[in-house]
file my_file39.cif (mmCIF, C-alpha atoms)
data_input
loop_
_atom_site.group_PDB
_atom_site.id
_atom_site.type_symbol
_atom_site.label_atom_id
_atom_site.label_comp_id
_atom_site.auth_asym_id
_atom_site.auth_seq_id
_atom_site.Cartn_x
_atom_site.Cartn_y
_atom_site.Cartn_z
ATOM 1 C CA MET A 1 14.827 -3.052 -14.857
ATOM 2 C CA GLN A 2 11.849 -1.072 -13.626
ATOM 3 C CA LEU A 3 12.944 1.748 -11.328
ATOM 4 C CA ALA A 4 10.540 3.140 -8.742
ATOM 5 C CA HIS A 5 8.947 6.550 -9.207
ATOM 6 C CA ALA A 6 10.800 9.427 -7.581
ATOM 7 C CA ALA A 7 8.208 9.702 -4.823
ATOM 8 C CA VAL A 8 9.059 6.202 -3.638
ATOM 9 C CA LEU A 9 12.381 5.351 -2.016
ATOM 10 C CA LEU A 10 14.470 3.125 -4.260
ATOM 11 C CA MET A 11 15.417 -0.042 -2.433
ATOM 12 C CA ALA A 12 17.539 -3.046 -3.274
ATOM 13 C CA THR A 13 17.339 -6.252 -1.267
ATOM 14 C CA SER A 14 19.681 -9.163 -0.905
ATOM 15 C CA GLY A 15 17.547 -12.184 -1.723
ATOM 16 C CA CYS A 16 14.256 -11.001 -0.146
ATOM 17 C CA GLU A 17 11.105 -10.254 -2.105
ATOM 18 C CA ASP A 18 9.383 -8.324 0.673
ATOM 19 C CA GLY A 19 12.036 -5.600 0.988
ATOM 20 C CA ALA A 20 13.446 -6.958 4.259
ATOM 21 C CA PRO A 21 17.160 -7.621 4.666
ATOM 22 C CA ALA A 22 18.364 -11.083 3.731
ATOM 23 C CA VAL A 23 18.343 -13.783 6.394
ATOM 24 C CA HIS A 24 21.290 -16.151 6.583
ATOM 25 C CA SER A 25 21.406 -19.256 8.781
ATOM 26 C CA LEU A 26 24.602 -19.880 10.710
ATOM 27 C CA THR A 27 24.989 -23.448 11.997
ATOM 28 C CA ASN A 28 27.362 -24.304 14.835
ATOM 29 C CA ASP A 29 26.866 -28.003 15.686
ATOM 30 C CA SER A 30 23.475 -28.067 17.425
ATOM 31 C CA LEU A 31 23.043 -24.276 17.405
ATOM 32 C CA THR A 32 21.421 -22.465 14.499
ATOM 33 C CA ALA A 33 21.169 -18.676 14.544
ATOM 34 C CA GLU A 34 19.409 -16.431 12.064
ATOM 35 C CA VAL A 35 21.199 -13.191 11.318
ATOM 36 C CA LYS A 36 19.677 -10.381 9.297
ATOM 37 C CA VAL A 37 22.241 -8.818 6.993
ATOM 38 C CA ALA A 38 21.376 -5.322 5.766
ATOM 39 C CA PRO A 39 22.507 -4.568 2.205
ATOM 40 C CA PRO A 40 25.028 -1.732 1.835
ATOM 41 C CA LEU A 41 23.480 1.684 1.287
ATOM 42 C CA VAL A 42 24.772 3.650 -1.706
ATOM 43 C CA VAL A 43 23.596 7.248 -2.097
ATOM 44 C CA LEU A 44 24.114 8.859 -5.495
ATOM 45 C CA ILE A 45 23.913 12.624 -5.998
ATOM 46 C CA GLY A 46 23.613 14.135 -9.462
ATOM 47 C CA GLY A 47 25.036 17.337 -10.863
ATOM 48 C CA ILE A 48 23.628 20.644 -12.044
ATOM 49 C CA ASP A 49 20.582 20.194 -14.321
ATOM 50 C CA SER A 50 21.074 16.404 -14.242
ATOM 51 C CA ASP A 51 17.515 15.598 -13.190
ATOM 52 C CA PRO A 52 16.552 12.186 -14.671
ATOM 53 C CA THR A 53 14.070 12.167 -17.529
ATOM 54 C CA PRO A 54 10.584 10.649 -17.162
ATOM 55 C CA GLU A 55 11.778 7.744 -19.325
ATOM 56 C CA GLN A 56 14.687 7.104 -16.973
ATOM 57 C CA ILE A 57 12.418 7.265 -13.935
ATOM 58 C CA ALA A 58 9.971 4.852 -15.581
ATOM 59 C CA GLY A 59 12.824 2.468 -16.392
ATOM 60 C CA ILE A 60 12.239 2.529 -20.161
ATOM 61 C CA ALA A 61 15.235 4.633 -21.265
ATOM 62 C CA ALA A 62 17.960 2.846 -23.211
ATOM 63 C CA ARG A 63 21.451 2.784 -21.734
ATOM 64 C CA GLY A 64 23.193 6.085 -22.276
ATOM 65 C CA GLU A 65 19.908 7.890 -22.908
ATOM 66 C CA GLY A 66 18.407 10.447 -20.576
ATOM 67 C CA ASN A 67 19.641 13.375 -18.552
ATOM 68 C CA CYS A 68 21.449 11.764 -15.626
ATOM 69 C CA GLY A 69 24.335 9.298 -15.676
ATOM 70 C CA PRO A 70 24.350 8.763 -11.881
ATOM 71 C CA PHE A 71 20.695 7.681 -12.039
ATOM 72 C CA GLN A 72 21.670 4.976 -14.526
ATOM 73 C CA LEU A 73 24.491 3.936 -12.184
ATOM 74 C CA CYS A 74 21.930 3.815 -9.364
ATOM 75 C CA GLY A 75 19.905 1.302 -11.385
ATOM 76 C CA ASP A 76 22.986 -0.855 -11.960
ATOM 77 C CA LEU A 77 23.726 -0.899 -8.227
ATOM 78 C CA LEU A 78 20.136 -1.849 -7.454
ATOM 79 C CA ALA A 79 20.465 -4.762 -9.853
ATOM 80 C CA GLU A 80 23.620 -5.860 -8.015
ATOM 81 C CA GLY A 81 21.779 -6.073 -4.694
ATOM 82 C CA TYR A 82 22.638 -2.755 -3.068
ATOM 83 C CA ARG A 83 20.139 -0.442 -1.464
ATOM 84 C CA ALA A 84 20.698 2.496 -3.801
ATOM 85 C CA GLU A 85 19.112 5.918 -3.422
ATOM 86 C CA TYR A 86 19.280 8.817 -5.900
ATOM 87 C CA PHE A 87 19.107 12.544 -5.102
ATOM 88 C CA ASN A 88 19.606 15.648 -7.199
ATOM 89 C CA TRP A 89 22.347 18.038 -6.080
ATOM 90 C CA ASN A 90 19.801 20.191 -4.211
ATOM 91 C CA GLY A 91 18.459 17.277 -2.185
ATOM 92 C CA THR A 92 15.335 16.647 -4.267
ATOM 93 C CA ARG A 93 14.348 13.276 -5.662
ATOM 94 C CA ALA A 94 14.385 12.325 -9.339
ATOM 95 C CA GLY A 95 12.020 14.484 -11.367
ATOM 96 C CA GLU A 96 11.713 17.137 -8.655
ATOM 97 C CA ILE A 97 14.780 19.360 -9.144
ATOM 98 C CA GLU A 98 12.583 22.448 -9.686
ATOM 99 C CA ALA A 99 10.886 22.139 -6.281
ATOM 100 C CA GLU A 100 10.320 25.538 -4.651
ATOM 101 C CA SER A 101 11.896 24.587 -1.314
ATOM 102 C CA PRO A 102 14.541 21.931 -1.957
ATOM 103 C CA PRO A 103 16.001 20.245 1.154
ATOM 104 C CA PHE A 104 19.643 20.475 -0.032
ATOM 105 C CA ALA A 105 22.333 18.578 1.881
ATOM 106 C CA GLU A 106 20.374 18.693 5.127
ATOM 107 C CA GLY A 107 17.576 16.656 3.589
ATOM 108 C CA ILE A 108 19.954 14.021 2.230
ATOM 109 C CA ALA A 109 21.794 13.719 5.538
ATOM 110 C CA GLU A 110 18.501 13.297 7.376
ATOM 111 C CA CYS A 111 17.432 10.553 4.961
ATOM 112 C CA ILE A 112 20.730 8.740 5.463
ATOM 113 C CA ARG A 113 20.379 8.918 9.253
ATOM 114 C CA ASN A 114 16.844 7.556 9.027
ATOM 115 C CA MET A 115 17.880 4.708 6.761
ATOM 116 C CA CYS A 116 20.818 3.838 9.028
ATOM 117 C CA ASN A 117 18.450 3.750 11.994
ATOM 118 C CA GLU A 118 16.182 1.378 10.060
ATOM 119 C CA GLN A 119 19.082 -0.909 9.160
ATOM 120 C CA PRO A 120 21.858 -0.512 11.750
ATOM 121 C CA GLY A 121 25.255 -1.717 10.671
ATOM 122 C CA ALA A 122 24.727 -1.303 6.945
ATOM 123 C CA PRO A 123 27.840 0.279 5.394
ATOM 124 C CA VAL A 124 27.274 3.653 3.738
ATOM 125 C CA VAL A 125 28.767 4.831 0.435
ATOM 126 C CA ILE A 126 28.159 8.198 -1.257
ATOM 127 C CA VAL A 127 28.820 9.024 -4.927
ATOM 128 C CA GLY A 128 28.599 12.664 -6.011
ATOM 129 C CA ASN A 129 28.907 14.034 -9.536
ATOM 130 C CA SER A 130 29.783 17.662 -10.422
ATOM 131 C CA TRP A 131 27.763 19.927 -8.086
ATOM 132 C CA GLY A 132 26.620 16.701 -6.473
ATOM 133 C CA GLY A 133 30.230 16.181 -5.425
ATOM 134 C CA HIS A 134 30.105 19.400 -3.439
ATOM 135 C CA THR A 135 26.776 18.312 -1.972
ATOM 136 C CA ALA A 136 28.304 14.945 -1.017
ATOM 137 C CA TRP A 137 30.992 16.822 0.921
ATOM 138 C CA GLU A 138 28.299 18.906 2.664
ATOM 139 C CA VAL A 139 26.328 15.770 3.544
ATOM 140 C CA CYS A 140 29.409 14.211 5.116
ATOM 141 C CA GLU A 141 30.040 17.362 7.137
ATOM 142 C CA LEU A 142 26.540 16.976 8.567
ATOM 143 C CA LEU A 143 27.014 13.241 9.171
ATOM 144 C CA SER A 144 30.206 14.004 11.129
ATOM 145 C CA ALA A 145 28.132 15.718 13.840
ATOM 146 C CA GLU A 146 27.140 13.599 16.836
ATOM 147 C CA PRO A 147 25.839 11.010 16.644
ATOM 148 C CA ALA A 148 28.256 10.570 13.742
ATOM 149 C CA ILE A 149 27.532 8.222 10.840
ATOM 150 C CA ASP A 150 30.635 6.571 9.390
ATOM 151 C CA VAL A 151 30.883 6.666 5.606
ATOM 152 C CA GLU A 152 32.952 3.786 4.263
ATOM 153 C CA LEU A 153 33.636 5.437 0.906
ATOM 154 C CA VAL A 154 32.919 8.667 -0.912
ATOM 155 C CA VAL A 155 33.435 8.820 -4.665
ATOM 156 C CA PHE A 156 33.695 12.246 -6.267
ATOM 157 C CA LEU A 157 33.021 12.112 -10.021
ATOM 158 C CA ASP A 158 34.503 15.241 -11.590
ATOM 159 C CA PRO A 159 33.310 17.361 -8.654
ATOM 160 C CA SER A 160 32.821 21.084 -9.071
ATOM 161 C CA SER A 161 31.695 24.091 -7.064
ATOM 162 C CA LEU A 162 31.866 26.514 -9.994
ATOM 163 C CA GLY A 163 28.763 28.709 -10.147
ATOM 164 C CA ARG A 164 27.179 27.440 -6.937
ATOM 165 C CA LEU A 165 26.130 30.250 -4.605
ATOM 166 C CA ASN A 166 28.513 30.632 -1.654
ATOM 167 C CA ALA A 167 30.317 27.409 -2.598
ATOM 168 C CA ILE A 168 34.071 27.029 -2.836
ATOM 169 C CA ARG A 169 36.269 23.973 -3.198
ATOM 170 C CA PRO A 170 36.775 22.364 0.236
ATOM 171 C CA GLU A 171 40.285 21.996 1.600
ATOM 172 C CA SER A 172 39.859 18.735 3.533
ATOM 173 C CA LEU A 173 37.491 15.802 3.954
ATOM 174 C CA PRO A 174 34.914 15.631 6.755
ATOM 175 C CA ALA A 175 35.839 13.450 9.730
ATOM 176 C CA CYS A 176 33.211 10.750 9.086
ATOM 177 C CA ILE A 177 34.773 9.665 5.775
ATOM 178 C CA LYS A 178 36.938 6.550 6.056
ATOM 179 C CA SER A 179 38.204 6.629 2.466
ATOM 180 C CA ALA A 180 37.526 8.510 -0.742
ATOM 181 C CA ALA A 181 38.363 8.580 -4.424
ATOM 182 C CA THR A 182 38.076 11.352 -6.963
ATOM 183 C CA TYR A 183 37.841 10.761 -10.703
ATOM 184 C CA PHE A 184 38.539 14.146 -12.258
ATOM 185 C CA THR A 185 38.915 15.705 -15.677
ATOM 186 C CA ARG A 186 41.328 18.568 -16.232
ATOM 187 C CA ASN A 187 38.481 21.005 -16.794
ATOM 188 C CA ALA A 188 39.295 24.354 -15.209
ATOM 189 C CA GLY A 189 35.952 24.398 -13.397
ATOM 190 C CA GLY A 190 36.585 21.152 -11.514
ATOM 191 C CA TRP A 191 38.247 20.465 -8.179
ATOM 192 C CA GLY A 192 41.198 18.554 -9.564
ATOM 193 C CA ALA A 193 43.394 16.502 -7.230
ATOM 194 C CA TRP A 194 43.461 16.627 -3.422
ATOM 195 C CA GLU A 195 47.194 16.696 -2.855
ATOM 196 C CA ALA A 196 47.183 17.102 0.945
ATOM 197 C CA GLU A 197 44.423 14.620 1.909
ATOM 198 C CA PRO A 198 45.766 11.123 2.779
ATOM 199 C CA ARG A 199 42.327 9.483 2.801
ATOM 200 C CA ILE A 200 41.634 10.175 -0.871
ATOM 201 C CA GLU A 201 42.922 8.511 -4.025
ATOM 202 C CA ASN A 202 43.260 10.833 -7.018
ATOM 203 C CA ILE A 203 42.464 9.398 -10.451
ATOM 204 C CA ASP A 204 43.239 11.777 -13.314
ATOM 205 C CA LEU A 205 40.879 10.908 -16.179
ATOM 206 C CA GLY A 206 43.113 12.931 -18.498
ATOM 207 C CA ASP A 207 46.176 10.742 -17.867
ATOM 208 C CA THR A 208 46.474 8.009 -20.497
ATOM 209 C CA ALA A 209 48.098 5.731 -17.908
ATOM 210 C CA ASN A 210 44.762 5.440 -16.103
ATOM 211 C CA GLY A 211 42.965 4.032 -19.144
ATOM 212 C CA PHE A 212 40.072 6.477 -19.440
ATOM 213 C CA LEU A 213 41.513 8.792 -22.099
ATOM 214 C CA ILE A 214 41.123 6.967 -25.407
ATOM 215 C CA PRO A 215 41.477 8.078 -29.059
ATOM 216 C CA GLY A 216 38.210 9.524 -30.268
ATOM 217 C CA GLY A 217 36.781 9.568 -26.753
ATOM 218 C CA PRO A 218 35.974 12.451 -24.428
ATOM 219 C CA ALA A 219 38.724 15.046 -24.035
ATOM 220 C CA TYR A 220 39.276 14.462 -20.330
ATOM 221 C CA ASP A 221 42.671 16.147 -20.653
ATOM 222 C CA SER A 222 41.171 19.421 -21.933
ATOM 223 C CA VAL A 223 41.104 22.493 -19.715
ATOM 224 C CA PHE A 224 37.985 23.854 -21.430
ATOM 225 C CA SER A 225 35.699 20.961 -22.370
ATOM 226 C CA ILE A 226 32.218 21.007 -20.896
ATOM 227 C CA SER A 227 31.319 18.028 -23.103
ATOM 228 C CA ALA A 228 34.043 15.956 -21.411
ATOM 229 C CA HIS A 229 32.702 16.953 -17.997
ATOM 230 C CA ILE A 230 29.247 15.754 -19.064
ATOM 231 C CA ALA A 231 30.635 12.601 -20.686
ATOM 232 C CA ALA A 232 32.290 11.563 -17.419
ATOM 233 C CA GLU A 233 28.929 11.060 -15.697
ATOM 234 C CA TRP A 234 27.881 8.554 -18.389
ATOM 235 C CA ASP A 235 31.205 6.794 -19.004
ATOM 236 C CA GLU A 236 30.582 3.038 -18.656
ATOM 237 C CA HIS A 237 34.260 2.416 -17.871
ATOM 238 C CA ILE A 238 34.145 4.902 -15.002
ATOM 239 C CA HIS A 239 30.882 3.404 -13.753
ATOM 240 C CA ARG A 240 32.384 -0.073 -13.800
ATOM 241 C CA VAL A 241 35.448 0.862 -11.769
ATOM 242 C CA ILE A 242 33.267 2.796 -9.316
ATOM 243 C CA ARG A 243 31.125 -0.305 -8.793
ATOM 244 C CA GLU A 244 34.272 -2.365 -8.287
ATOM 245 C CA ARG A 245 35.590 0.155 -5.771
ATOM 246 C CA ILE A 246 32.294 0.120 -3.891
ATOM 247 C CA ALA A 247 32.342 -3.680 -3.755
ATOM 248 C CA GLN A 248 35.855 -3.624 -2.292
ATOM 249 C CA ALA A 249 34.907 -0.978 0.271
ATOM 250 C CA VAL A 250 31.963 -2.982 1.607
ATOM 251 C CA ASP A 251 33.630 -6.399 1.224
ATOM 252 C CA ARG A 252 31.321 -7.794 -1.432
#
call {"tool": "encode", "arguments": {"input": "my_file39.cif", "output": "structure tokens"}}
result
Amino acid sequence: MQLAHAAVLLMATSGCEDGAPAVHSLTNDSLTAEVKVAPPLVVLIGGIDSDPTPEQIAGIAARGEGNCGPFQLCGDLLAEGYRAEYFNWNGTRAGEIEAESPPFAEGIAECIRNMCNEQPGAPVVIVGNSWGGHTAWEVCELLSAEPAIDVELVVFLDPSSLGRLNAIRPESLPACIKSAATYFTRNAGGWGAWEAEPRIENIDLGDTANGFLIPGGPAYDSVFSISAHIAAEWDEHIHRVIRERIAQAVDR
């Protein structure tokens, strides 16, 4: 699938070639009404140094190749009919992580508000990986301010604040989040489980009962494995269950 260049907003449509929301006809005896249904908006935020490669941006990278697993997941969601948008952890678009004045969480939150104004009623989902998980939390803090934007689901993929300037692990979820899930390794630099937050489901990637820790696979149960942290952003099994969770959250 050909992905748009970073300077162009990525957009998925539901059955429309012109980029407009799908139109469904509802018939009630002699009355026919046309209702525009906006596709769900999924915002993906990558981790530290996870800027997609030129080949990924051009849509010519093979699966599993490149520098950004969430960007690949973004492409899969586009193919499934979502409106999917990718940002780096500092708010820049793909290929622009080294920008001199990155917009950070404020820029992402503003984009989400603008897109929600363009397509009112579209459910919003945010997926953040590593430092992008911390950014996702910051974005939701901003979206909780009036006029608040409800976020149906936030998925944290091995989130981390380690090494980010003035960043520490949050203690609770922002008010705008309806539900959340965190898929975490046991790496010492990650957030781990949220024990006191009822809106979040904790999925320990290092627990064999959850099906992600397999013989010969990434050491998700290791306390000191950077390679496992990186592997999590590319794991096709994790991507699949995230897509399934998104579909359930937006009733697709």
call {"tool": "resolve_selection", "arguments": {"input": "my_file39.cif", "expression": "the PyMOL selection byres ((chain A and resi 50) around 12)", "output": "PyMOL selection string"}}
result
chain A and resi 44-49+51-53+56+66-72+86-90+92-98+128-132+230+233-234
call {"tool": "closest_residue", "arguments": {"input": "my_file39.cif", "among": "A:Pro54, A:Ser101, A:Ala247, A:Pro147", "to": "Leu41 (chain A)", "atoms": "only C-alpha atoms"}}
result
A:Ala247
call {"tool": "residues_around", "arguments": {"input": "my_file39.cif", "residues": "region 186-201 of chain A", "least_positions_apart": "2", "cutoff": "7 Å", "atoms": "only C-alpha atoms", "output": "ChimeraX atom specification"}}
result
/A:158-160,162,169,172,178-182,184,203,206,220-225
call {"tool": "atom_distance", "arguments": {"input": "my_file39.cif", "atom1": "CA of Pro123 (chain A)", "atom2": "CA of Pro40 (chain A)"}}
result
5.0 Å
call {"tool": "closest_residue", "arguments": {"input": "my_file39.cif", "among": "A:Asn166, A:His134, A:Ala175, A:Val42", "to": "Glu146 (chain A)", "atoms": "all atoms listed in the file"}}
result
A:Ala175
call {"tool": "closest_residue", "arguments": {"input": "my_file39.cif", "among": "A:Val154, A:Gly75, A:His229, A:Leu173", "to": "Ala58 (chain A)", "atoms": "only C-alpha atoms"}}
result
A:Gly75
call {"tool": "atom_distance", "arguments": {"input": "my_file39.cif", "atom1": "CA of Leu157 (chain A)", "atom2": "CA of Tyr183 (chain A)"}}
result
5.1 Å
call {"tool": "closest_residue", "arguments": {"input": "my_file39.cif", "among": "A:Pro170, A:Gly121, A:Gly64, A:Pro102", "to": "Glu152 (chain A)", "atoms": "all atoms listed in the file"}}
result
A:Gly121
call {"tool": "atom_distance", "arguments": {"input": "my_file39.cif", "atom1": "CA of Gln119 (chain A)", "atom2": "CA of Ala84 (chain A)"}}
result
13.5 Å
call {"tool": "residues_around", "arguments": {"input": "my_file39.cif", "residues": "region 103-109 of chain A", "least_positions_apart": "5", "cutoff": "7 Å", "atoms": "all atoms listed in the file", "output": "count of residues only"}}
result
8
call {"tool": "resolve_selection", "arguments": {"input": "my_file39.cif", "expression": "the PyMOL selection byres ((chain A and resi 217) around 12)", "output": "PyMOL selection string"}}
result
chain A and resi 205-206+208+211-216+218-222+227-228+231-232+235+237
